[in-house]
Amino acid sequence: MIWWLKARRVHPVLTLAIGAFVLLTFVFRDNAVVLPSFSVSAGNNVVLSFFTPLIVVGAIGQCLDARLPSAELTGLRPVGWMDTGLTLAAVSAVLVGSGAAWLSLDSGAALQAGRNTLFLTGLMLLGRGFVGRAAIVLPLVWVFAVVFFGRKTGAAYHAWAVTGLEASHRYAATLAAATLVVGVSVNQYTSRTAL
């Protein structure tokens, strides 16, 4: 188990990424920046914590890609289950951190960042089953697609722009959880071949 954690680079990569996520969630709070948009002419205010899930998703992807394929293919350890446990532990830590920021700062953006981490992690894991390591770009493409094309008005997002919807939006929370479950399931059964 210790060697697996070292091979996956959990301590130097994933732990640092989760710490950075929590720290930035506390620092950014509900602060926003105005970004260009192709779907509205004005009012594209994007909270800074909209981008913090990419730190964790990138770290999870890097940890899952840090592997020795020949040893994992011939070994007896349940590597797929261990990777699933690692992913769920990381996402749980993110949810605890964003929940703490939400409770202490009364920041909807903090809760939204936690939910978005679920969705983007699921999206990346789902993509790994089909395109392997290249799936790491899917969350980044999604985030910028929502920034540039996700708004239907200056104050509202389209229904497909899940990561832009408010923290209290039940549809977004349900879709984020479902995406994570599907992504983890796909990664569970393709983890030995997703390189």
# chains A, B, ... in the order shown; residues from 1 in each chain; ligands from 1

$ residues_around --residues "region 5-18 of chain A" --least-positions-apart "2" --cutoff "12 Å" --atoms "only C-alpha atoms" --output "JSON list (two decimals) with N, CA, C and O atoms, in the first residue's frame"
[["chain", "number", "residue", "atom", "x", "y", "z"],
["A", 1, "MET", "N", 0.82, -1.19, 0.00],
["A", 1, "MET", "CA", 0.00, 0.00, 0.00],
["A", 1, "MET", "C", 0.87, 1.26, 0.00],
["A", 1, "MET", "O", 0.57, 2.21, -0.73],
["A", 2, "ILE", "N", 1.92, 1.26, 0.80],
["A", 2, "ILE", "CA", 2.81, 2.43, 0.86],
["A", 2, "ILE", "C", 3.50, 2.64, -0.47],
["A", 2, "ILE", "O", 3.62, 3.77, -0.95],
["A", 3, "TRP", "N", 3.91, 1.53, -1.11],
["A", 3, "TRP", "CA", 4.58, 1.67, -2.40],
["A", 3, "TRP", "C", 3.61, 2.18, -3.46],
["A", 3, "TRP", "O", 3.99, 2.93, -4.35],
["A", 20, "ALA", "N", -4.00, 23.45, -1.76],
["A", 20, "ALA", "CA", -4.09, 24.68, -2.55],
["A", 20, "ALA", "C", -5.54, 25.02, -2.87],
["A", 20, "ALA", "O", -5.94, 26.18, -2.83],
["A", 21, "PHE", "N", -6.33, 24.01, -3.20],
["A", 21, "PHE", "CA", -7.75, 24.23, -3.47],
["A", 21, "PHE", "C", -8.45, 24.86, -2.27],
["A", 21, "PHE", "O", -9.18, 25.85, -2.41],
["A", 22, "VAL", "N", -8.25, 24.26, -1.10],
["A", 22, "VAL", "CA", -8.92, 24.77, 0.10],
["A", 22, "VAL", "C", -8.44, 26.18, 0.43],
["A", 22, "VAL", "O", -9.25, 27.07, 0.72],
["A", 23, "LEU", "N", -7.15, 26.41, 0.35],
["A", 23, "LEU", "CA", -6.60, 27.74, 0.63],
["A", 23, "LEU", "C", -7.17, 28.78, -0.33],
["A", 23, "LEU", "O", -7.62, 29.85, 0.09],
["A", 24, "LEU", "N", -7.16, 28.48, -1.61],
["A", 24, "LEU", "CA", -7.67, 29.43, -2.60],
["A", 24, "LEU", "C", -9.17, 29.64, -2.47],
["A", 24, "LEU", "O", -9.68, 30.73, -2.73],
["A", 25, "THR", "N", -9.89, 28.62, -2.06],
["A", 25, "THR", "CA", -11.33, 28.77, -1.84],
["A", 25, "THR", "C", -11.59, 29.76, -0.71],
["A", 25, "THR", "O", -12.50, 30.59, -0.80],
["A", 52, "THR", "N", -10.71, 26.92, -9.49],
["A", 52, "THR", "CA", -9.94, 26.12, -8.53],
["A", 52, "THR", "C", -10.14, 24.61, -8.65],
["A", 52, "THR", "O", -9.21, 23.86, -8.35],
["A", 53, "PRO", "N", -11.30, 24.10, -9.08],
["A", 53, "PRO", "CA", -11.39, 22.64, -9.24],
["A", 53, "PRO", "C", -10.39, 22.06, -10.23],
["A", 53, "PRO", "O", -10.02, 20.88, -10.12],
["A", 54, "LEU", "N", -9.93, 22.86, -11.18],
["A", 54, "LEU", "CA", -8.96, 22.36, -12.15],
["A", 54, "LEU", "C", -7.66, 21.91, -11.49],
["A", 54, "LEU", "O", -6.99, 21.01, -11.99],
["A", 55, "ILE", "N", -7.32, 22.53, -10.37],
["A", 55, "ILE", "CA", -6.11, 22.14, -9.63],
["A", 55, "ILE", "C", -6.22, 20.70, -9.16],
["A", 55, "ILE", "O", -5.32, 19.88, -9.36],
["A", 56, "VAL", "N", -7.36, 20.38, -8.55],
["A", 56, "VAL", "CA", -7.56, 19.04, -8.00],
["A", 56, "VAL", "C", -7.75, 18.01, -9.11],
["A", 56, "VAL", "O", -7.18, 16.92, -9.06],
["A", 57, "VAL", "N", -8.53, 18.35, -10.12],
["A", 57, "VAL", "CA", -8.77, 17.41, -11.21],
["A", 57, "VAL", "C", -7.47, 17.08, -11.93],
["A", 57, "VAL", "O", -7.20, 15.92, -12.25],
["A", 58, "GLY", "N", -6.64, 18.09, -12.16],
["A", 58, "GLY", "CA", -5.34, 17.84, -12.78],
["A", 58, "GLY", "C", -4.46, 16.95, -11.93],
["A", 58, "GLY", "O", -3.76, 16.07, -12.45],
["A", 59, "ALA", "N", -4.49, 17.17, -10.61],
["A", 59, "ALA", "CA", -3.68, 16.34, -9.72],
["A", 59, "ALA", "C", -4.17, 14.90, -9.68],
["A", 59, "ALA", "O", -3.37, 13.96, -9.68],
["A", 60, "ILE", "N", -5.49, 14.71, -9.67],
["A", 60, "ILE", "CA", -6.04, 13.35, -9.70],
["A", 60, "ILE", "C", -5.62, 12.65, -11.00],
["A", 60, "ILE", "O", -5.18, 11.50, -10.98],
["A", 61, "GLY", "N", -5.73, 13.35, -12.10],
["A", 61, "GLY", "CA", -5.31, 12.78, -13.38],
["A", 61, "GLY", "C", -3.83, 12.42, -13.39],
["A", 61, "GLY", "O", -3.44, 11.36, -13.88],
["A", 62, "GLN", "N", -3.01, 13.30, -12.83],
["A", 62, "GLN", "CA", -1.57, 13.02, -12.79],
["A", 62, "GLN", "C", -1.27, 11.82, -11.91],
["A", 62, "GLN", "O", -0.43, 10.98, -12.26],
["A", 63, "CYS", "N", -1.94, 11.72, -10.77],
["A", 63, "CYS", "CA", -1.71, 10.58, -9.89],
["A", 63, "CYS", "C", -2.16, 9.27, -10.53],
["A", 63, "CYS", "O", -1.47, 8.25, -10.41],
["A", 64, "LEU", "N", -3.29, 9.28, -11.22],
["A", 64, "LEU", "CA", -3.75, 8.06, -11.87],
["A", 64, "LEU", "C", -2.88, 7.66, -13.05],
["A", 64, "LEU", "O", -2.81, 6.48, -13.41],
["A", 65, "ASP", "N", -2.21, 8.64, -13.65],
["A", 65, "ASP", "CA", -1.31, 8.35, -14.77],
["A", 65, "ASP", "C", 0.09, 7.93, -14.32],
["A", 65, "ASP", "O", 0.86, 7.43, -15.13],
["A", 66, "ALA", "N", 0.41, 8.14, -13.06],
["A", 66, "ALA", "CA", 1.73, 7.74, -12.53],
["A", 66, "ALA", "C", 1.66, 6.26, -12.21],
["A", 66, "ALA", "O", 1.22, 5.86, -11.15],
["A", 67, "ARG", "N", 2.07, 5.46, -13.15],
["A", 67, "ARG", "CA", 1.90, 4.02, -12.99],
["A", 67, "ARG", "C", 3.02, 3.24, -13.67],
["A", 67, "ARG", "O", 3.73, 3.77, -14.50],
["A", 68, "LEU", "N", 3.10, 2.00, -13.29],
["A", 68, "LEU", "CA", 4.00, 1.06, -13.94],
["A", 68, "LEU", "C", 3.11, 0.01, -14.61],
["A", 68, "LEU", "O", 2.69, -0.96, -13.97],
["A", 69, "PRO", "N", 2.79, 0.19, -15.87],
["A", 69, "PRO", "CA", 1.80, -0.67, -16.53],
["A", 69, "PRO", "C", 2.11, -2.16, -16.44],
["A", 69, "PRO", "O", 1.21, -2.96, -16.19],
["A", 71, "ALA", "N", 3.82, -3.86, -14.22],
["A", 71, "ALA", "CA", 3.62, -4.38, -12.87],
["A", 71, "ALA", "C", 2.14, -4.42, -12.50],
["A", 71, "ALA", "O", 1.68, -5.35, -11.82],
["A", 72, "GLU", "N", 1.37, -3.44, -12.96],
["A", 72, "GLU", "CA", -0.05, -3.41, -12.62],
["A", 72, "GLU", "C", -0.84, -4.44, -13.40],
["A", 72, "GLU", "O", -1.83, -4.97, -12.90],
["A", 79, "VAL", "N", -5.70, -2.84, -8.23],
["A", 79, "VAL", "CA", -5.29, -1.47, -8.54],
["A", 79, "VAL", "C", -6.50, -0.60, -8.90],
["A", 79, "VAL", "O", -6.58, 0.56, -8.52],
["A", 82, "MET", "N", -8.16, 0.43, -5.79],
["A", 82, "MET", "CA", -7.32, 1.38, -5.05],
["A", 82, "MET", "C", -7.39, 2.76, -5.70],
["A", 82, "MET", "O", -7.45, 3.78, -5.00],
["A", 83, "ASP", "N", -7.40, 2.81, -7.03],
["A", 83, "ASP", "CA", -7.53, 4.09, -7.72],
["A", 83, "ASP", "C", -8.89, 4.72, -7.45],
["A", 83, "ASP", "O", -9.00, 5.94, -7.27],
["A", 85, "GLY", "N", -10.68, 4.27, -4.74],
["A", 85, "GLY", "CA", -10.62, 4.76, -3.36],
["A", 85, "GLY", "C", -9.85, 6.06, -3.26],
["A", 85, "GLY", "O", -10.26, 6.98, -2.52],
["A", 86, "LEU", "N", -8.76, 6.16, -3.99],
["A", 86, "LEU", "CA", -7.97, 7.39, -4.00],
["A", 86, "LEU", "C", -8.78, 8.56, -4.54],
["A", 86, "LEU", "O", -8.79, 9.64, -3.96],
["A", 87, "THR", "N", -9.49, 8.33, -5.63],
["A", 87, "THR", "CA", -10.30, 9.38, -6.23],
["A", 87, "THR", "C", -11.41, 9.83, -5.28],
["A", 87, "THR", "O", -11.63, 11.03, -5.08],
["A", 89, "ALA", "N", -11.52, 9.50, -2.03],
["A", 89, "ALA", "CA", -10.94, 10.18, -0.86],
["A", 89, "ALA", "C", -10.57, 11.62, -1.19],
["A", 89, "ALA", "O", -10.82, 12.53, -0.39],
["A", 90, "ALA", "N", -10.01, 11.84, -2.38],
["A", 90, "ALA", "CA", -9.63, 13.19, -2.78],
["A", 90, "ALA", "C", -10.86, 14.07, -2.93],
["A", 90, "ALA", "O", -10.89, 15.22, -2.45],
["A", 91, "VAL", "N", -11.90, 13.55, -3.58],
["A", 91, "VAL", "CA", -13.12, 14.34, -3.77],
["A", 91, "VAL", "C", -13.80, 14.60, -2.44],
["A", 91, "VAL", "O", -14.34, 15.69, -2.21],
["A", 92, "SER", "N", -13.77, 13.63, -1.54],
["A", 92, "SER", "CA", -14.35, 13.83, -0.21],
["A", 92, "SER", "C", -13.61, 14.92, 0.56],
["A", 92, "SER", "O", -14.23, 15.76, 1.22],
["A", 93, "ALA", "N", -12.29, 14.94, 0.47],
["A", 93, "ALA", "CA", -11.50, 15.98, 1.13],
["A", 93, "ALA", "C", -11.84, 17.36, 0.56],
["A", 93, "ALA", "O", -11.94, 18.35, 1.29],
["A", 94, "VAL", "N", -12.04, 17.41, -0.76],
["A", 94, "VAL", "CA", -12.42, 18.68, -1.40],
["A", 94, "VAL", "C", -13.78, 19.13, -0.90],
["A", 94, "VAL", "O", -13.99, 20.32, -0.60],
["A", 95, "LEU", "N", -14.73, 18.21, -0.80],
["A", 95, "LEU", "CA", -16.06, 18.56, -0.31],
["A", 95, "LEU", "C", -16.03, 19.05, 1.13],
["A", 95, "LEU", "O", -16.74, 19.99, 1.49],
["A", 96, "VAL", "N", -15.21, 18.42, 1.96],
["A", 96, "VAL", "CA", -15.07, 18.88, 3.35],
["A", 96, "VAL", "C", -14.47, 20.28, 3.38],
["A", 96, "VAL", "O", -14.95, 21.15, 4.11],
["A", 97, "GLY", "N", -13.43, 20.52, 2.58],
["A", 97, "GLY", "CA", -12.81, 21.84, 2.54],
["A", 97, "GLY", "C", -13.74, 22.91, 2.03],
["A", 97, "GLY", "O", -13.83, 24.01, 2.59],
["A", 98, "SER", "N", -14.48, 22.61, 0.95],
["A", 98, "SER", "CA", -15.40, 23.62, 0.41],
["A", 98, "SER", "C", -16.59, 23.81, 1.35],
["A", 98, "SER", "O", -17.10, 24.93, 1.48],
["A", 114, "GLY", "N", -16.80, 23.07, -4.77],
["A", 114, "GLY", "CA", -16.81, 21.66, -4.40],
["A", 114, "GLY", "C", -17.66, 20.82, -5.34],
["A", 114, "GLY", "O", -17.25, 19.74, -5.78],
["A", 117, "THR", "N", -15.98, 20.38, -8.65],
["A", 117, "THR", "CA", -14.90, 19.39, -8.60],
["A", 117, "THR", "C", -15.45, 18.00, -8.83],
["A", 117, "THR", "O", -14.83, 17.19, -9.53]]

$ residues_around --residues "Val141 (chain A)" --least-positions-apart "5" --cutoff "12 Å" --atoms "only C-alpha atoms" --output "number ranges by chain"
A: 51, 54, 120, 123-124, 134-136, 146-149

$ atom_distance --atom1 "CA of Asn44 (chain A)" --atom2 "CA of Arg151 (chain A)"
7.7 Å

$ closest_residue --among "A:Ala176, A:Val137, A:Ala42, A:Leu105" --to "Lys152 (chain A)" --atoms "only C-alpha atoms"
A:Ala42

$ closest_residue --among "A:Val162, A:Phe28, A:Leu125, A:Asn45" --to "Thr174 (chain A)" --atoms "only C-alpha atoms"
A:Val162

$ residues_around --residues "Gly183 (chain A)" --least-positions-apart "4" --cutoff "12 Å" --atoms "only C-alpha atoms" --output "list in words"
Thr84, Thr87, Leu88, Leu118, Phe119, Leu120, Thr121, Gly122, Leu123, Met124, Leu125, Leu126, Gly127, Arg128, Gly129, Phe130, Ala135, Leu175, Ala176, Ala177, Ala178, Thr179, Asn187, Gln188, Tyr189, Thr190 and Ser191 of chain A

$ residues_around --residues "Leu111 (chain A)" --least-positions-apart "4" --cutoff "8 Å" --atoms "only C-alpha atoms" --output "PyMOL selection string"
chain A and resi 95+98-99+101-102+107+115+167

$ atom_distance --atom1 "CA of Gly43 (chain A)" --atom2 "CA of Ala155 (chain A)"
7.3 Å

$ select_by_dssp --residues "chain A" --states "alpha helix (DSSP H)" --output "number ranges by chain"
A: 2-7, 16-28, 53-65, 69-74, 79-105, 108-131, 137-149, 170-190

$ closest_residue --among "A:Gly80, A:Gly108, A:Gly19, A:Gly132" --to "Glu166 (chain A)" --atoms "only C-alpha atoms"
A:Gly108

$ closest_residue --among "A:Ser168, A:Val182, A:Phe144, A:Pro139" --to "Ala110 (chain A)" --atoms "only C-alpha atoms"
A:Ser168

$ atom_distance --atom1 "CA of Gly150 (chain A)" --atom2 "CA of Val47 (chain A)"
14.0 Å

$ decode --residues "region 144-163 of chain A" --atoms "N, CA, C and O atoms" --output "PDB file, in the first residue's frame"
ATOM      1  N   PHE A 144     -13.799  26.522 -19.930  1.00  0.00           N
ATOM      2  CA  PHE A 144     -13.753  27.675 -20.834  1.00  0.00           C
ATOM      3  C   PHE A 144     -14.944  27.723 -21.782  1.00  0.00           C
ATOM      4  O   PHE A 144     -15.361  28.801 -22.204  1.00  0.00           O
ATOM      5  N   ALA A 145     -15.531  26.574 -22.114  1.00  0.00           N
ATOM      6  CA  ALA A 145     -16.767  26.579 -22.909  1.00  0.00           C
ATOM      7  C   ALA A 145     -17.893  27.237 -22.117  1.00  0.00           C
ATOM      8  O   ALA A 145     -18.680  28.021 -22.662  1.00  0.00           O
ATOM      9  N   VAL A 146     -17.951  26.956 -20.818  1.00  0.00           N
ATOM     10  CA  VAL A 146     -18.979  27.582 -19.967  1.00  0.00           C
ATOM     11  C   VAL A 146     -18.715  29.079 -19.840  1.00  0.00           C
ATOM     12  O   VAL A 146     -19.642  29.892 -19.901  1.00  0.00           O
ATOM     13  N   VAL A 147     -17.455  29.467 -19.675  1.00  0.00           N
ATOM     14  CA  VAL A 147     -17.128  30.893 -19.554  1.00  0.00           C
ATOM     15  C   VAL A 147     -17.501  31.642 -20.825  1.00  0.00           C
ATOM     16  O   VAL A 147     -18.127  32.700 -20.777  1.00  0.00           O
ATOM     17  N   PHE A 148     -17.144  31.109 -21.981  1.00  0.00           N
ATOM     18  CA  PHE A 148     -17.341  31.823 -23.237  1.00  0.00           C
ATOM     19  C   PHE A 148     -18.748  31.677 -23.826  1.00  0.00           C
ATOM     20  O   PHE A 148     -19.240  32.586 -24.485  1.00  0.00           O
ATOM     21  N   PHE A 149     -19.390  30.515 -23.623  1.00  0.00           N
ATOM     22  CA  PHE A 149     -20.672  30.255 -24.289  1.00  0.00           C
ATOM     23  C   PHE A 149     -21.809  29.886 -23.341  1.00  0.00           C
ATOM     24  O   PHE A 149     -22.925  29.662 -23.803  1.00  0.00           O
ATOM     25  N   GLY A 150     -21.556  29.813 -22.048  1.00  0.00           N
ATOM     26  CA  GLY A 150     -22.538  29.265 -21.117  1.00  0.00           C
ATOM     27  C   GLY A 150     -23.661  30.171 -20.675  1.00  0.00           C
ATOM     28  O   GLY A 150     -24.687  29.699 -20.199  1.00  0.00           O
ATOM     29  N   ARG A 151     -23.514  31.468 -20.824  1.00  0.00           N
ATOM     30  CA  ARG A 151     -24.554  32.382 -20.336  1.00  0.00           C
ATOM     31  C   ARG A 151     -25.649  32.596 -21.373  1.00  0.00           C
ATOM     32  O   ARG A 151     -25.376  32.790 -22.540  1.00  0.00           O
ATOM     33  N   LYS A 152     -26.901  32.600 -20.872  1.00  0.00           N
ATOM     34  CA  LYS A 152     -27.997  33.011 -21.754  1.00  0.00           C
ATOM     35  C   LYS A 152     -28.362  34.460 -21.506  1.00  0.00           C
ATOM     36  O   LYS A 152     -28.850  35.140 -22.394  1.00  0.00           O
ATOM     37  N   THR A 153     -28.094  34.961 -20.278  1.00  0.00           N
ATOM     38  CA  THR A 153     -28.195  36.392 -19.960  1.00  0.00           C
ATOM     39  C   THR A 153     -27.029  36.733 -19.045  1.00  0.00           C
ATOM     40  O   THR A 153     -26.279  35.843 -18.635  1.00  0.00           O
ATOM     41  N   GLY A 154     -26.905  38.001 -18.690  1.00  0.00           N
ATOM     42  CA  GLY A 154     -25.821  38.395 -17.797  1.00  0.00           C
ATOM     43  C   GLY A 154     -25.915  37.774 -16.415  1.00  0.00           C
ATOM     44  O   GLY A 154     -24.932  37.698 -15.695  1.00  0.00           O
ATOM     45  N   ALA A 155     -27.122  37.313 -16.031  1.00  0.00           N
ATOM     46  CA  ALA A 155     -27.316  36.766 -14.691  1.00  0.00           C
ATOM     47  C   ALA A 155     -27.630  35.273 -14.676  1.00  0.00           C
ATOM     48  O   ALA A 155     -27.704  34.676 -13.609  1.00  0.00           O
ATOM     49  N   ALA A 156     -27.841  34.643 -15.823  1.00  0.00           N
ATOM     50  CA  ALA A 156     -28.260  33.246 -15.857  1.00  0.00           C
ATOM     51  C   ALA A 156     -27.453  32.450 -16.871  1.00  0.00           C
ATOM     52  O   ALA A 156     -27.050  32.965 -17.910  1.00  0.00           O
ATOM     53  N   TYR A 157     -27.246  31.173 -16.523  1.00  0.00           N
ATOM     54  CA  TYR A 157     -26.539  30.246 -17.400  1.00  0.00           C
ATOM     55  C   TYR A 157     -27.535  29.313 -18.089  1.00  0.00           C
ATOM     56  O   TYR A 157     -28.632  29.075 -17.585  1.00  0.00           O
ATOM     57  N   HIS A 158     -27.125  28.758 -19.219  1.00  0.00           N
ATOM     58  CA  HIS A 158     -27.905  27.715 -19.872  1.00  0.00           C
ATOM     59  C   HIS A 158     -27.904  26.479 -18.984  1.00  0.00           C
ATOM     60  O   HIS A 158     -27.015  26.282 -18.155  1.00  0.00           O
ATOM     61  N   ALA A 159     -28.878  25.594 -19.187  1.00  0.00           N
ATOM     62  CA  ALA A 159     -28.984  24.378 -18.375  1.00  0.00           C
ATOM     63  C   ALA A 159     -27.785  23.449 -18.581  1.00  0.00           C
ATOM     64  O   ALA A 159     -27.398  22.727 -17.669  1.00  0.00           O
ATOM     65  N   TRP A 160     -27.173  23.443 -19.776  1.00  0.00           N
ATOM     66  CA  TRP A 160     -26.037  22.554 -20.018  1.00  0.00           C
ATOM     67  C   TRP A 160     -24.782  23.023 -19.287  1.00  0.00           C
ATOM     68  O   TRP A 160     -23.866  22.228 -19.060  1.00  0.00           O
ATOM     69  N   ALA A 161     -24.716  24.291 -18.915  1.00  0.00           N
ATOM     70  CA  ALA A 161     -23.526  24.851 -18.260  1.00  0.00           C
ATOM     71  C   ALA A 161     -23.576  24.564 -16.763  1.00  0.00           C
ATOM     72  O   ALA A 161     -23.703  25.451 -15.928  1.00  0.00           O
ATOM     73  N   VAL A 162     -23.466  23.307 -16.420  1.00  0.00           N
ATOM     74  CA  VAL A 162     -23.647  22.828 -15.048  1.00  0.00           C
ATOM     75  C   VAL A 162     -22.719  23.541 -14.069  1.00  0.00           C
ATOM     76  O   VAL A 162     -23.138  23.937 -12.980  1.00  0.00           O
ATOM     77  N   THR A 163     -21.488  23.740 -14.432  1.00  0.00           N
ATOM     78  CA  THR A 163     -20.527  24.337 -13.498  1.00  0.00           C
ATOM     79  C   THR A 163     -20.785  25.817 -13.257  1.00  0.00           C
ATOM     80  O   THR A 163     -20.278  26.376 -12.292  1.00  0.00           O
TER      81      THR A 163
END
